[in-house]
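final.cif follows; it contains mmCIF, C-alpha atoms.
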data_upload
#
loop_
_atom_site.group_PDB
_atom_site.id
_atom_site.type_symbol
_atom_site.label_atom_id
_atom_site.label_comp_id
_atom_site.auth_asym_id
_atom_site.auth_seq_id
_atom_site.Cartn_x
_atom_site.Cartn_y
_atom_site.Cartn_z
ATOM 1 C CA MET A 10 104.841 108.189 34.737
ATOM 2 C CA LYS A 11 104.050 106.479 38.017
ATOM 3 C CA ILE A 12 101.326 103.831 38.260
ATOM 4 C CA THR A 13 100.392 102.749 41.767
ATOM 5 C CA VAL A 14 98.329 99.628 42.466
ATOM 6 C CA CYS A 15 96.741 98.953 45.835
ATOM 7 C CA ILE A 16 97.831 95.606 47.255
ATOM 8 C CA GLY A 17 95.890 95.922 50.499
ATOM 9 C CA SER A 18 93.673 93.073 51.642
ATOM 10 C CA SER A 19 90.435 94.238 49.976
ATOM 11 C CA CYS A 20 92.092 94.890 46.616
ATOM 12 C CA HIS A 21 94.122 91.687 46.936
ATOM 13 C CA ILE A 22 90.891 89.704 47.255
ATOM 14 C CA LYS A 23 89.572 91.482 44.134
ATOM 15 C CA GLY A 24 92.629 90.509 42.077
ATOM 16 C CA SER A 25 95.332 93.137 42.555
ATOM 17 C CA ARG A 26 98.086 90.549 42.132
ATOM 18 C CA ILE A 27 96.723 89.658 38.700
ATOM 19 C CA VAL A 28 96.435 93.355 37.810
ATOM 20 C CA VAL A 29 100.091 93.929 38.764
ATOM 21 C CA GLU A 30 101.301 90.874 36.869
ATOM 22 C CA GLU A 31 99.368 91.822 33.736
ATOM 23 C CA LEU A 32 100.621 95.406 33.877
ATOM 24 C CA GLN A 33 104.209 94.168 34.257
ATOM 25 C CA LYS A 34 103.746 91.926 31.230
ATOM 26 C CA LEU A 35 102.149 94.654 29.088
ATOM 27 C CA ILE A 36 104.777 97.231 30.052
ATOM 28 C CA ALA A 37 107.533 94.804 29.044
ATOM 29 C CA GLU A 38 105.795 93.764 25.806
ATOM 30 C CA HIS A 39 105.404 97.386 24.729
ATOM 31 C CA GLY A 40 108.957 98.330 25.743
ATOM 32 C CA ILE A 41 107.901 101.241 27.947
ATOM 33 C CA GLY A 42 109.619 100.161 31.159
ATOM 34 C CA ASN A 43 111.874 103.188 30.938
ATOM 35 C CA LYS A 44 108.840 105.507 30.894
ATOM 36 C CA VAL A 45 106.616 103.809 33.481
ATOM 37 C CA GLU A 46 107.243 103.178 37.169
ATOM 38 C CA LEU A 47 104.924 100.519 38.596
ATOM 39 C CA GLU A 48 104.612 100.306 42.348
ATOM 40 C CA GLY A 49 102.374 98.810 44.987
ATOM 41 C CA THR A 50 100.897 100.484 48.018
ATOM 42 C CA PHE A 51 98.606 99.553 50.834
ATOM 43 C CA CYS A 52 95.089 100.872 51.303
ATOM 44 C CA MET A 53 93.990 103.870 49.224
ATOM 45 C CA ASN A 54 90.799 104.153 51.305
ATOM 46 C CA LYS A 55 88.496 103.334 48.374
ATOM 47 C CA CYS A 56 87.996 99.669 49.221
ATOM 48 C CA GLN A 57 84.486 99.450 47.746
ATOM 49 C CA GLN A 58 85.697 100.488 44.290
ATOM 50 C CA GLY A 59 87.633 97.410 43.253
ATOM 51 C CA VAL A 60 91.339 97.187 42.618
ATOM 52 C CA CYS A 61 92.456 100.762 43.150
ATOM 53 C CA VAL A 62 95.026 102.106 40.691
ATOM 54 C CA THR A 63 96.348 105.617 40.215
ATOM 55 C CA ILE A 64 98.259 107.339 37.461
ATOM 56 C CA GLY A 65 99.706 110.330 39.215
ATOM 57 C CA ASP A 66 96.749 111.799 41.092
ATOM 58 C CA GLU A 67 94.041 110.261 38.883
ATOM 59 C CA PHE A 68 92.123 107.284 40.321
ATOM 60 C CA PHE A 69 90.953 104.208 38.395
ATOM 61 C CA SER A 70 89.080 101.084 39.440
ATOM 62 C CA VAL A 71 90.611 98.190 37.494
ATOM 63 C CA THR A 72 89.441 94.590 37.384
ATOM 64 C CA PRO A 73 91.694 91.723 36.325
ATOM 65 C CA GLU A 74 89.547 91.459 33.185
ATOM 66 C CA GLY A 75 89.875 95.201 32.501
ATOM 67 C CA VAL A 76 93.665 95.510 32.624
ATOM 68 C CA GLY A 77 93.970 95.613 28.832
ATOM 69 C CA GLU A 78 91.483 98.451 28.570
ATOM 70 C CA PHE A 79 93.211 100.337 31.388
ATOM 71 C CA PHE A 80 96.571 99.814 29.694
ATOM 72 C CA GLN A 81 95.292 101.620 26.604
ATOM 73 C CA GLU A 82 94.934 104.700 28.841
ATOM 74 C CA VAL A 83 98.536 104.222 29.972
ATOM 75 C CA LEU A 84 99.749 104.010 26.363
ATOM 76 C CA LYS A 85 97.884 107.224 25.447
ATOM 77 C CA ARG A 86 99.681 109.067 28.209
ATOM 78 C CA VAL A 87 103.134 107.648 27.482
ATOM 79 C CA ASN A 88 103.085 108.377 23.745
#
Transcribe the structure of this file into structure tokens.
Amino acid sequence: MKITVCIGSSCHIKGSRIVVEELQKLIAEHGIGNKVELEGTFCMNKCQQGVCVTIGDEFFSVTPEGVGEFFQEVLKRVN
């Protein structure tokens, strides 16, 4: 599974670095690094929607405070 997080300027201001760091931590804690590829990308052209994250072709708007909730979606798809 590939998770892509926007690290462009708008998403960076909204906390994309924190989102990436939290996802890295949660992926490691749950031992799913072999099933999940986490990558960054620049602008996804949805700058008004917060930190832009995709799983495959599906779009999510994730806040630093909402990473845990988003990660539950990741776990559902991995298991």
Quick check, in Å to one decimal: how far apart do CA of Met10 (chain A) and CA of Val87 (chain A) lie?
7.5 Å
Point out the residue among A:Arg86, A:Val28, A:Gly49, A:His39 with the least atom-to-atom distance to Thr72 (chain A), counting only C-alpha atoms.
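Nearest to Thr72 (chain A): A:Val28.
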Result set of the PyMOL selection byres ((chain A and resi 51-67) around 12) on the coordinates above, as a PyMOL selection string
chain A and resi 10-29+32+45-50+68-76+79-80+82-84+86-87
